[in-house]
Structures are given as C-alpha cells and as structure tokens.
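Q: The structure's right below; bear with me while I get my questions together.
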Amino acid sequence: MLKALKPIIVKEFRQIRRDPTSLGMLLVLPAVLIIMVGYALNFDVKHIPLVVFDQSGTAESREYLDNFKHSEYFDYAYEVRSYKEIERLFMHGDAKVALVIPPAFGHDLLAGHETHVQILVDGSDANTAGQAVGYATRITVEFSSALILDAFRRAGRTFSQPIEFEPRVWYNPDLVSSKFLVPGLIGFIIMLTGVISTSMTIVRERERGTMDQIMVSPLRPAQVILGKTLPYMAIALVAATLILILGYFLFAIEIKGSLLVLYAGIVMVILGALGQGVLISTITESQQVAFMISVFSSLLPSFLLSGFIFPVASMPVFLQVLSNIAAVKFFLVIVRGVMLKGVGFEAVWPQFVYLTLFAALTLGISVKRFQKRAQ
Amino acid sequence: MNRKDRISHSLHIIRVMIRKELYQIRHDRKMLGVSIVAPVLQVLLLGYAATTDITNSDLVVCDQDCTSESRQFIREFTASGYFIHRYSVNIPAEVDPYIETAQARIALMIPEGFGDDLLAHRTTRVQVVLDGTDANTSTILLNYATQIITSYSQKVLAEYSARIPGGVARVLPEPRIWFNPDLKSANFMVPGVVALVLMLITMTLTSLGIVKEKEIGTMEQLLVTPMKPYQLVIGKLVPFTAIGFLDVIVVLALARFWFGVPMQGSLVVLFSLSALFILTTLGLGLFVSTIARSQQQAMLIAQFFFFMPFMFLSGFAFPIANMPKVIQPFTYLIPLRYFLEIVRAVFLKGAGLAELWPQALALFGLGIAIFSLSVIRFRKTLE
C-alpha cells in the first residue's frame with residue numbers, strides 16, 4: 001500500500017514546490033508571528049494616559065500627584081481645569097483615567113481630616129479600566145498609609161505596614177506573557193496550516209476537474225487522502241520545530257519535560273487538523289466556501305476557545321462545553337504541561353486519548369465520504 | 001460616441017457585470033449562506049468567548065491562625081467578588097495539589113499569630129501563591145490580591161490611628177466608571193468582534209472572488225470582451241459591498257439586541273464610517289487578488305499578512321499602548337485600528353464625527369491609497 005502512495009506524495013510535493021510563495025509563508029510567517037506574539041502582545045496595562053484636575057494646587061496635592069508621575073502604570077499626560085475638559089479627553093480617547101482632587105485636599109490633610117480623591121475611568125475598555133482603577137486605588141492607599149505612619153511617628157510611636165505579603169508564583173515567576181502565549185502559538189499555527197491547506201488542496205483538484213482523474217485511478221480513497229495530506233504533515237512538523245527553536249533562542253523558553261511526549265502530541269494534533277481539513281473538503285465544491293469554513297472552524301475557535309488568549313474559565317458555561325470540541329484545547333494542555341511544567345505522559349494521557357479519537361473520527365468519516373463519491 | 005453616450009455605455013457594462021456576479025452568487029447557495037450565516041455565528045461565538053473578565057476565581061485558604069482577625073481578613077478577600085473561598089486546608093503543603101491541578105487559581109496562606117500580631121500592632125506576613133503558566137490571568141489576579149491586601153492594611157492602620165489625638169489625615173479613593181459602569185468586557189469586545197468579522201468577510205469575498213476567475217481561466221475570457229479593467233473591478237466589488245452592508249446590519253443588530261451593548265451614538269454615523277472601512281477592506285481584498293495566483297495562495301496571503309497581524313496588532317484584544325515602541329508606528333497603517341476605535345466610541349460613548357474625524361480621515365486616506373495601489377497593480381497584472 002505504501003508504494004502506491006509514493007506517486008501522490010511526489011505529485012503533491014511538486015505542486016507545493018511550484019508554489020514557493022505559499023511554502024515560504026507556511027514556514028516563515030510562523031516565525032514572524034512568534035516574534036510578534038512574544039514581544040508585542042500582553043494584557044499588562046502600563047502607561048495609561050492620565051488627566052489631572054487639581055482643584056487644590058497645594059504642596060500636599062502635588063506630593064500626591066508625584067506618585068502618579070513616577071508610576072510606570074500611568075502616563076501623566078494632561079492637566080485641566082474643568083470636568084468638561086476631562087469629558088472631551090475621554091471622548092476623544094486621549095485619556096483613560098482622570099484624577100479629581102477637591103479644593104480642600106491640602107487643608108484637610110494638614111488639619112488631620114479625611115479627604116477624598118475622585119478616580120474617573122473610561123470604562124469602555126473594561127480590562128484596562130479595571131486594572132487602572134486597581135492601580136490608582138493602590139497608589140492612593142499607599143500614599144494614605146504613608147501619611148498615617150508619619151502621624152504615628154510624630155506622635156512617638158513607630159509602626160510599619162500591618163500586613164505585608166509575598167507572592168509566590170510558580171513556573172513563571174516573572175509572569176512573562178511569552179511563556180504562556182508561545183506554546184499556544186504552536187497549536188494555533190498547526191491548526192491553521194493543517195486545516196486550511198488540506199481542505200483547499202483537495203477542493204482545488206475538484207474545482208479544476210482533476211479529481212475525477214484521481215478517482216478513476218486504481219488508488220483507494222484512503223490512499224488518496226493519505227498521499228495528499230502527508231506532505232502537509234511534514235510542513236507542519238517543520239513549522240512547529242521552528243517555533244520551538246525560536247522560542248528557545250529568543251525567549252529562553254525551555255522544554256522542561258520529555259521531547260518525545262511533546263512531539264507525540266504535535267503529531268496527534270496535526271493528524272486531527274488534517275482530518276478536519278479533509279472532512280471540510282468533502283462538504284464543499286468551492287475553494288471559497290472551503291476556506292471560509294476552515295477559517296471559521298479553526299482560526300477563530302483556536303484563537304478563542306483554546307485558552308490561547310482568553311481564559312476559558314471566564315467564559316459562559318455553554319462555551320466551555322463547546323470548547324471541548326476544539327482539538328487545540330487539549331493540545332495546549334499537553335504543550336503547556338510538558339514545556340512549562342515538565343509533566344510526563346501520565347499527567348496528560350486523557351488529552352492524548354481525545355486527540356486520537358478526534359483524528360480517527362475525522363479521518364474515518366472523510367474516507368467514508370470519499371468512498372461514497374467514488375461510487 | 002460623445003461623452004454622455006460613453007458614460008451610459010460604461011454604466012451599462014458595469015450593470016451587466018454586476019448582474020453576472022449576482023447570478024453567480026445566487027447560484028452558489030452555500031457561499032451566500034456562509035457569507036451571511038458565518039458572521040452571525042462568529043459574532044455569537046466570539047461575543048461570548050472574548051472576555052477578559054476574571055471573576056469568581058477559586059481560592060484555597062490555609063488559615064493557621066483561626067482567629068476572628070484572620071477570618072475577617074479572609075472575608076475581605078472574598079467580599080471583592082474576585083475570589084470565591086472554595087477550599088480550606090490545614091497546612092501549607094496541602095495547598096500545592098490544588099494549584100497543580102488548577103482546582104484553585106490562587107492560594108492564601110495566613111500564618112499562626114496573625115491575629116496576635118495585628119492586635120499588638122506588629123507587622124505580620126501573609127503569602128499568596130499562584131500558578132504562573134497563565135501569565136495574563138495570574139498578573140490580573142495578583143493585582144486584585146495586592147489591591148485587597150493594601151486596602152485592608154490601610155484600614156487596620158486607620159483603626160490604630162483612632163487613638164491618636166488630633167485625628168489622622170487619610171486619603172480615600174472614590175472610583176467612578178464612565179460609559180460602562182458594570183465594566184462588562186462584552187461591551188468592549190463585541191463591537192470589536194463586529195469590526196473584525198466585517199473585515200474577514202469583505203476581504204475574503206473580494207480576494208477569492210477575483211482570483212477564482214483567474215484560476216479557472218474565465219478572467220481571460222472577460223478580458224477579451226470590450227470591458228475595461230475598472231469596469232470589471234467595479235462590477236465585482238459592488239455586489240460584495242452590498243453583502244458587506246448586509247453583514248453590517250446583521251452584526252450590529254446582534255451586538256445591540258442580543259448582547260445588549262448600549263448604542264449611545266448615531267446609527268447614521270456608524271453606517272457612513274462603516275462604508276469608509278469597507279472601502280479599505282475591499283481595496284485590500286483587491287490587492288491580495290493581484291498578488292495571488294491561486295485561491296489557496298490568496299487565502300494564505302490574506303491570512304498571514306493581513307488577518308493575523310490585524311487581529312493581534314489592531315487593538316482588538318491587546319492594547320496598542322502595551323506594545324513595544326518600535327511596533328506602535330506600524331499600527332497606524334492598520335485600517336482595523338481606526339474602525340475599532342470608531343465602533344467602540346460610537347456604541348459606548350455616543351461619539352460623533354466631531355470626535356471621530358481623525359479616525360474617519362485616516363480611514364479615508366488609507367482607503368484611497370490602498371485602492372489606488374490595487375487598481376494600478378490590477379491593471380499591470382492584466383498586461
């Protein structure tokens with residue numbers, strides 16, 4: 001059986017070689033993306049543009065504001081004299097946070113009274129807004145605590161902060177985003193390449209009319225499918241390896257666990273992706289539709305539901321259930337586990353089972369459908 | 001022919017082209033269905049999935065003190081709504097399996113003597129443990145924890161200070177959230193999804209629609225007719241624009257009525273600015289079709305050079321302000337960046353042209369530039 005595959009594989013490789021741009025893209029662009037993802041993308045909120053409406057203008061208020069000037073979370077950008085101006089800046093999106101200091105600020109502090117500061121936040125970007133409120137509150141509270149400790153010192157008692165805490169962060173102590181996103185990128189790119197290229201290559205034959213020629217040949221449907229998809233398996237493996245190498249050299253992301261388990265997982269998910277691609281190709285006659293279905297069933301879901309970017313635990317329950325269909329989700333558990341935590345096969349065997357089932361199912365159904373067509 | 005005849009003749013050819021295109025679209029039921037149904041499904045899916053809200057994280061507590069002070073402290077932690085006190089253990093080591101298996105996202109360890117220390121005005125130390133593999137969520141959770149602990153610490157300090165004669169100065173923060181009082185991330189994400197999906201559909205339809213003719217060979221047939229290149233382009237783009245607009249209406253309705261994103265601004269403004277945006281995406285689709293020789297290639301190019309960079313760099317999910325300074329200038333070239341700002345501002349802030357004219361101008365400029373480039377290339381490739 002294997003010997004019969006050879007001509008198809010050779011033909012497919014030749015077709016791929018005739019299209020060097022596509023090949024280049026499949027290999028080079030994952031590398032570009034890794035750089036982008038590793039360096040550019042994180043949710044940490046810093047340099048939030050800040051506008052200040054200081055109605056007090058005293059030494060005390062300036063001392064308070066100094067804390068914001070020196071904070072890396074805020075970009076002390078504007079000083080205004082009215083709420084209207086704050087509104088204007090918010091509407092234009094030039095500022096996201098505003099501090100409004102009441103006129104009696106300095107006076108109240110000197111007299112030993114309590115005073116308030118308004119922290120206005122543009123809530124349209126909920127993520128940034130939530131964190132901005134958090135940081136601004138924290139800076140204010142720390143300033144306030146310092147005042148209290150000062151008062152104690154002057155009254156002859158020394159205190160320090162009542163409650164101190166130390167965070168202990170496992171596996172990724174500096175909370176570097178790239179360690180989290182890069183493993184996910186591997187899965188993302190494999191799904192994309194595997195599903196889209198495969199579905200389109202088969203549909204293309206059909207569109208061109210050459211599919212009939214293949215069908216009348218003595219080859220069985222399973223052989224046709226294998227022959228057409230194996231070259232893409234090779235390409236996907238190369239792309240994945242490339243990402244691992246780059247991850248190591250650029251971001252010092254090591255593979256703490258077993259390479260064997262990692263690659264076993266990669267092969268399984270590629271098989272599943274290829275299966276998905278072939279399945280899609282049996283549904284439609286037009287490359288346009290094949291592409292759209294592939295993109296919508298692989299690009300967006302693997303972007304969202306796999307936990308690659310957005311945390312699955314925060315999604316509504318029905319989506320969490322749905323996310324179990326995305327093969328990438330399970331692959332990501334394997335990749336993150338093996339690479340970042342160094343777990344072995346015993347920890348991820350359920351995921352392997354799922355991936356195997358997924359691949360078997362998609363490939364199996366595809367072969368059946370192919371056979372039907374050949375009749 | 002005089003000028004008037006030439007124009008009407010030209011329009012006639014364009015009309016014929018449009019009719020042919022519409023006929024082909026109607027014939028390919030699947031494509032029509034996918035063009036309308038797919039965006040709906042996408043908006044629904046993404047609208048629910050794209051959330052950065054991190055609430056109700058499971059907390060495991062190791063309270064070795066078990067005094068009323070430590071219990072009060074734990075209550076502070078959970079009162080915030082960010083954490084749910086799901087598990088309790090007796091010794092620190094027992095916390096590890098919960099974090100390992102991600103049963104709990106965060107652990108709080110309170111040492112013995114916590115209450116005594118507080119009462120005696122001594123400093124006490126608590127520990128917070130997190131799994132750092134999910135850096136994004138963990139960073140946010142750590143921020144919440146820090147915020148809660150610092151606030152509580154200050155409250156305690158203030159209580160001590162009640163005994164100081166003359167009173168002690170304190171600064172109390174009063175946060176007020178504008179435009180999205182409940183801080184629902186859907187209000188931010190769903191408009192973004194609308195913009196994204198629009199871009200995907202219009203670019204895909206255009207680039208594939210034109211390349212298909214090239215690939216099948218019917219492009220040559222079209223070219224030997226007396227039709228001019230620009231008539232071909234207009235003839236193909238008009239139906240796609242129509243579908244694009246249909247999609248705009250559908251996804252906007254979804255955002256407003258299904259997801260309940262408040263529409264503070266004017267629909268007219270939104271529609272006209274959508275038109276500008278569609279101009280840019282159609283232009284990009286056209287551009288891709290001039291580079292690609294096959295539909296597969298067109299799709300790969302569209303995907304890797306446009307969709308993915310746009311998704312990541314346009315401010316859709318990741319704030320542009322966080323990106324390295326060297327990358328930020330490039331984001332000014334991304335049409336989606338401006339359209340995202342527009343959609344979000346119109347929905348949530350009720351912004352109009354008075355506030356959004358810079359973005360509108362940018363879209364217009366980009367649209368003209370992209371279109372001109374594409375048409376020039378298109379003509380060249382025909383030779």
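Following the order of the structure tokens, chains are lettered A, B, ..., residues in each are numbered from 1, and ligands are numbered from 1.
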What are the residues of chain A that have an atom within 6 Å of an atom of chain B, counting only C-alpha atoms, as a PDB file with C-alpha atoms, in the first residue's frame?

A:
```pdb
ATOM      1  CA  SER A  22       2.871  29.557  -0.214  1.00  0.00           C
ATOM      2  CA  ALA A  40       4.236  42.743  21.407  1.00  0.00           C
ATOM      3  CA  PHE A  43      -2.590  42.290  28.626  1.00  0.00           C
ATOM      4  CA  HIS A  92     -11.515  61.522  22.012  1.00  0.00           C
ATOM      5  CA  LEU A 109      -4.651  66.772  55.282  1.00  0.00           C
ATOM      6  CA  GLY A 112      -5.700  65.815  60.205  1.00  0.00           C
ATOM      7  CA  HIS A 113      -9.038  65.185  58.465  1.00  0.00           C
ATOM      8  CA  GLU A 114     -10.140  62.678  55.937  1.00  0.00           C
ATOM      9  CA  THR A 115     -10.325  63.742  52.310  1.00  0.00           C
ATOM     10  CA  HIS A 116     -11.386  62.139  49.025  1.00  0.00           C
ATOM     11  CA  VAL A 117      -9.984  61.854  45.531  1.00  0.00           C
ATOM     12  CA  GLN A 118     -12.197  61.037  42.587  1.00  0.00           C
ATOM     13  CA  ILE A 119     -10.815  58.469  40.185  1.00  0.00           C
ATOM     14  CA  LEU A 120     -12.716  58.660  36.916  1.00  0.00           C
ATOM     15  CA  VAL A 121     -12.142  55.898  34.426  1.00  0.00           C
ATOM     16  CA  ASP A 122     -13.190  55.352  30.828  1.00  0.00           C
ATOM     17  CA  GLY A 123     -14.980  52.059  31.208  1.00  0.00           C
ATOM     18  CA  SER A 124     -15.282  51.197  27.548  1.00  0.00           C
ATOM     19  CA  ASP A 125     -12.144  49.115  27.672  1.00  0.00           C
ATOM     20  CA  ALA A 126     -13.173  47.052  30.645  1.00  0.00           C
ATOM     21  CA  THR A 137      -6.571  52.939  44.209  1.00  0.00           C
ATOM     22  CA  ARG A 138      -3.401  51.228  45.306  1.00  0.00           C
ATOM     23  CA  SER A 144      -2.603  57.467  52.632  1.00  0.00           C
ATOM     24  CA  SER A 145      -0.878  54.768  54.659  1.00  0.00           C
ATOM     25  CA  PRO A 162       0.419  45.970  59.450  1.00  0.00           C
ATOM     26  CA  ILE A 163       0.087  43.370  56.732  1.00  0.00           C
ATOM     27  CA  GLU A 164       2.813  42.573  54.304  1.00  0.00           C
ATOM     28  CA  PHE A 165       2.595  39.860  51.764  1.00  0.00           C
ATOM     29  CA  GLU A 166       4.831  37.948  49.460  1.00  0.00           C
ATOM     30  CA  PRO A 167       3.555  36.463  46.252  1.00  0.00           C
ATOM     31  CA  ARG A 168       4.865  33.118  45.200  1.00  0.00           C
ATOM     32  CA  VAL A 169       4.445  32.475  41.519  1.00  0.00           C
ATOM     33  CA  TRP A 170       5.078  29.002  40.181  1.00  0.00           C
ATOM     34  CA  TYR A 171       6.825  28.089  36.935  1.00  0.00           C
ATOM     35  CA  ASN A 172       6.931  31.595  35.599  1.00  0.00           C
ATOM     36  CA  LEU A 175       4.886  36.368  34.864  1.00  0.00           C
ATOM     37  CA  SER A 177       3.474  36.595  28.887  1.00  0.00           C
ATOM     38  CA  PHE A 180       2.248  31.445  28.101  1.00  0.00           C
ATOM     39  CA  VAL A 289     -16.500  28.135   0.851  1.00  0.00           C
ATOM     40  CA  SER A 314     -14.162  33.032  32.408  1.00  0.00           C
ATOM     41  CA  MET A 315     -16.422  32.084  29.535  1.00  0.00           C
TER      42      MET A 315
END
```

Q: Which of segment 13-147 of chain B counts as strand (DSSP E or B) under DSSP, as a list in words please?

A: Ser57, Asp58, Leu59, Val60, Val61, Cys62, Asp63, Phe83, Ile84, His85, Arg86, Tyr87, Ser88, Val89, Ile106, Ala107, Leu108, Met109, Ile110, Thr124, Arg125, Val126, Gln127, Val128, Val129, Leu130 and Asp131 of chain B

Q: Can I get the selected residues back with N, CA and C atoms, as a PDB file, in the first residue's frame?

A:
```
ATOM      1  N   SER B  57     -12.730  33.585  40.778  1.00  0.00           N
ATOM      2  CA  SER B  57     -11.620  32.637  40.740  1.00  0.00           C
ATOM      3  C   SER B  57     -11.619  31.838  42.036  1.00  0.00           C
ATOM      4  N   ASP B  58     -11.372  30.552  41.892  1.00  0.00           N
ATOM      5  CA  ASP B  58     -11.396  29.694  43.077  1.00  0.00           C
ATOM      6  C   ASP B  58     -10.172  29.900  43.950  1.00  0.00           C
ATOM      7  N   LEU B  59     -10.448  30.101  45.237  1.00  0.00           N
ATOM      8  CA  LEU B  59      -9.390  30.383  46.207  1.00  0.00           C
ATOM      9  C   LEU B  59      -9.282  29.242  47.206  1.00  0.00           C
ATOM     10  N   VAL B  60      -8.056  28.850  47.515  1.00  0.00           N
ATOM     11  CA  VAL B  60      -7.859  27.875  48.587  1.00  0.00           C
ATOM     12  C   VAL B  60      -7.131  28.593  49.717  1.00  0.00           C
ATOM     13  N   VAL B  61      -7.641  28.414  50.909  1.00  0.00           N
ATOM     14  CA  VAL B  61      -7.091  29.147  52.049  1.00  0.00           C
ATOM     15  C   VAL B  61      -6.451  28.195  53.043  1.00  0.00           C
ATOM     16  N   CYS B  62      -5.261  28.559  53.512  1.00  0.00           N
ATOM     17  CA  CYS B  62      -4.624  27.815  54.594  1.00  0.00           C
ATOM     18  C   CYS B  62      -4.534  28.760  55.777  1.00  0.00           C
ATOM     19  N   ASP B  63      -5.494  28.655  56.680  1.00  0.00           N
ATOM     20  CA  ASP B  63      -5.546  29.560  57.823  1.00  0.00           C
ATOM     21  C   ASP B  63      -4.987  28.860  59.046  1.00  0.00           C
ATOM     22  N   PHE B  83     -12.809  36.657  44.167  1.00  0.00           N
ATOM     23  CA  PHE B  83     -12.416  35.312  44.606  1.00  0.00           C
ATOM     24  C   PHE B  83     -13.556  34.630  45.332  1.00  0.00           C
ATOM     25  N   ILE B  84     -13.616  33.325  45.164  1.00  0.00           N
ATOM     26  CA  ILE B  84     -14.583  32.527  45.915  1.00  0.00           C
ATOM     27  C   ILE B  84     -13.804  31.582  46.806  1.00  0.00           C
ATOM     28  N   HIS B  85     -14.068  31.640  48.094  1.00  0.00           N
ATOM     29  CA  HIS B  85     -13.366  30.781  49.041  1.00  0.00           C
ATOM     30  C   HIS B  85     -13.909  29.375  48.910  1.00  0.00           C
ATOM     31  N   ARG B  86     -13.227  28.606  48.060  1.00  0.00           N
ATOM     32  CA  ARG B  86     -13.771  27.298  47.731  1.00  0.00           C
ATOM     33  C   ARG B  86     -13.229  26.185  48.636  1.00  0.00           C
ATOM     34  N   TYR B  87     -11.948  26.277  48.960  1.00  0.00           N
ATOM     35  CA  TYR B  87     -11.332  25.179  49.714  1.00  0.00           C
ATOM     36  C   TYR B  87     -10.587  25.694  50.926  1.00  0.00           C
ATOM     37  N   SER B  88     -10.491  24.865  51.944  1.00  0.00           N
ATOM     38  CA  SER B  88      -9.671  25.207  53.115  1.00  0.00           C
ATOM     39  C   SER B  88      -8.772  24.036  53.453  1.00  0.00           C
ATOM     40  N   VAL B  89      -7.530  24.326  53.799  1.00  0.00           N
ATOM     41  CA  VAL B  89      -6.607  23.266  54.220  1.00  0.00           C
ATOM     42  C   VAL B  89      -5.950  23.681  55.519  1.00  0.00           C
ATOM     43  N   ILE B 106      -5.667  30.389  43.009  1.00  0.00           N
ATOM     44  CA  ILE B 106      -4.841  31.200  43.899  1.00  0.00           C
ATOM     45  C   ILE B 106      -4.969  30.661  45.310  1.00  0.00           C
ATOM     46  N   ALA B 107      -3.895  30.770  46.080  1.00  0.00           N
ATOM     47  CA  ALA B 107      -3.914  30.296  47.460  1.00  0.00           C
ATOM     48  C   ALA B 107      -3.509  31.427  48.388  1.00  0.00           C
ATOM     49  N   LEU B 108      -4.168  31.470  49.546  1.00  0.00           N
ATOM     50  CA  LEU B 108      -3.852  32.474  50.554  1.00  0.00           C
ATOM     51  C   LEU B 108      -3.410  31.744  51.811  1.00  0.00           C
ATOM     52  N   MET B 109      -2.217  32.083  52.296  1.00  0.00           N
ATOM     53  CA  MET B 109      -1.709  31.403  53.483  1.00  0.00           C
ATOM     54  C   MET B 109      -1.557  32.404  54.615  1.00  0.00           C
ATOM     55  N   ILE B 110      -2.259  32.149  55.692  1.00  0.00           N
ATOM     56  CA  ILE B 110      -2.208  33.034  56.856  1.00  0.00           C
ATOM     57  C   ILE B 110      -1.440  32.328  57.960  1.00  0.00           C
ATOM     58  N   THR B 124       2.706  41.646  60.326  1.00  0.00           N
ATOM     59  CA  THR B 124       2.568  40.220  60.068  1.00  0.00           C
ATOM     60  C   THR B 124       2.640  39.984  58.564  1.00  0.00           C
ATOM     61  N   ARG B 125       2.937  38.743  58.203  1.00  0.00           N
ATOM     62  CA  ARG B 125       3.171  38.470  56.795  1.00  0.00           C
ATOM     63  C   ARG B 125       2.274  37.348  56.288  1.00  0.00           C
ATOM     64  N   VAL B 126       1.592  37.598  55.178  1.00  0.00           N
ATOM     65  CA  VAL B 126       0.808  36.519  54.574  1.00  0.00           C
ATOM     66  C   VAL B 126       1.417  36.161  53.222  1.00  0.00           C
ATOM     67  N   GLN B 127       1.029  34.992  52.730  1.00  0.00           N
ATOM     68  CA  GLN B 127       1.581  34.546  51.457  1.00  0.00           C
ATOM     69  C   GLN B 127       0.467  34.296  50.445  1.00  0.00           C
ATOM     70  N   VAL B 128       0.764  34.619  49.200  1.00  0.00           N
ATOM     71  CA  VAL B 128      -0.194  34.371  48.130  1.00  0.00           C
ATOM     72  C   VAL B 128       0.510  33.513  47.085  1.00  0.00           C
ATOM     73  N   VAL B 129      -0.122  32.428  46.679  1.00  0.00           N
ATOM     74  CA  VAL B 129       0.512  31.526  45.720  1.00  0.00           C
ATOM     75  C   VAL B 129      -0.321  31.430  44.441  1.00  0.00           C
ATOM     76  N   LEU B 130       0.365  31.513  43.314  1.00  0.00           N
ATOM     77  CA  LEU B 130      -0.322  31.456  42.021  1.00  0.00           C
ATOM     78  C   LEU B 130       0.452  30.584  41.047  1.00  0.00           C
ATOM     79  N   ASP B 131      -0.284  30.020  40.080  1.00  0.00           N
ATOM     80  CA  ASP B 131       0.374  29.301  39.004  1.00  0.00           C
ATOM     81  C   ASP B 131       0.691  30.300  37.891  1.00  0.00           C
TER      82      ASP B 131
END
```

Q: Pick out the residues sitting within 12 Å of segment 50-52 of chain A, and hand them over as JSON, numbers by chain; count only C-alpha atoms, and ignore anything fewer than 5 positions along from it in its own chain.

A: {"A": [57, 61, 62, 64, 65, 66, 68, 69, 71, 72, 73, 74, 75, 76, 77, 78, 79, 80, 81, 82, 83, 85, 86, 87, 88, 89, 90, 93, 94, 95, 96, 97, 98, 99, 100, 101, 102, 117, 118, 119, 120, 121, 122, 129, 132, 133, 136]}

Q: Between B:Val16, B:Val269, B:Cys66, B:Leu336, which has the minimum distance to Gly192 of chain B (counting only C-alpha atoms)?

A: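 Selected residue with least distance to Gly192 of chain B: B:Leu336.
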
Q: Please provide the set of residues having any atom within 10 Å of Gln276 of chain A, restricted to only C-alpha atoms, with same-chain residues fewer than 5 positions apart removed, written as a list in words.

A: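 My list of contacting residues is Met191, Gly194, Val195, Ile196, Thr198, Ser199, Ile270, Leu271, Ser281, Ser294, Ser297, Ser298, Ala327, Phe358, Ala359, Leu361, Thr362, Leu363, Ile365 and Ser366 of chain A.
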
Q: Restricting it to C-alpha atoms, dump the selection as a tab-separated table (two decimals), in the first residue's frame.

A:
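Contents of again-v8.tsv, freshly written:
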```
chain	number	residue	atom	x	y	z
A	191	MET	CA	-4.42	24.06	13.22
A	194	GLY	CA	-3.27	21.77	8.74
A	195	VAL	CA	-6.91	22.54	8.31
A	196	ILE	CA	-6.81	25.24	5.70
A	198	THR	CA	-5.56	20.46	3.32
A	199	SER	CA	-9.11	21.46	2.68
A	270	ILE	CA	-1.58	17.59	13.19
A	271	LEU	CA	-3.39	14.39	12.26
A	281	SER	CA	-13.15	19.38	1.66
A	294	SER	CA	-11.89	26.20	7.55
A	297	SER	CA	-13.80	26.34	12.31
A	298	SER	CA	-10.11	26.61	13.02
A	327	ALA	CA	-8.84	19.77	19.49
A	358	PHE	CA	-10.63	13.21	17.12
A	359	ALA	CA	-8.11	12.28	14.43
A	361	LEU	CA	-13.10	10.20	13.70
A	362	THR	CA	-12.37	12.96	11.21
A	363	LEU	CA	-10.14	10.80	9.04
A	365	ILE	CA	-15.57	9.92	8.19
A	366	SER	CA	-13.59	11.56	5.42
```

Q: Could you list, as an NGL selection string, every residue within 8 Å of segment 194-196 of chain B, counting only C-alpha atoms and ignoring same-chain residues fewer than 5 positions away?

A: :B and (43 or 248 or 251-252 or 255 or 311 or 316 or 336 or 339-340 or 343)

Q: Considering only helix (DSSP H, G or I) as DSSP defines it on the backbone, what residues of segment 59-220 of chain B qualify? List them as an NGL selection string.

A: :B and (68-79 or 92-100 or 114-119 or 135-161 or 185-216 or 218-220)

Q: How many Å separate atom CA of Lys84 of chain A from atom CA of His107 of chain A?

A: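 Atom CA of His107 of chain A lies 25.4 Å from atom CA of Lys84 of chain A.
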
Q: List the neighbours of Pro103 of chain A out to 8 Å using only C-alpha atoms; skip same-chain residues closer than 2 positions along the sequence, and give me the result as an NGL selection string.

A: :A and (54-57 or 101 or 105-106)

Q: What does the distance between atom CA of Met215 of chain A and atom CA of Gln371 of chain A come to in Å, to one decimal place?

A: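 One can read the atom CA of Met215 of chain A to atom CA of Gln371 of chain A distance as 9.5 Å.
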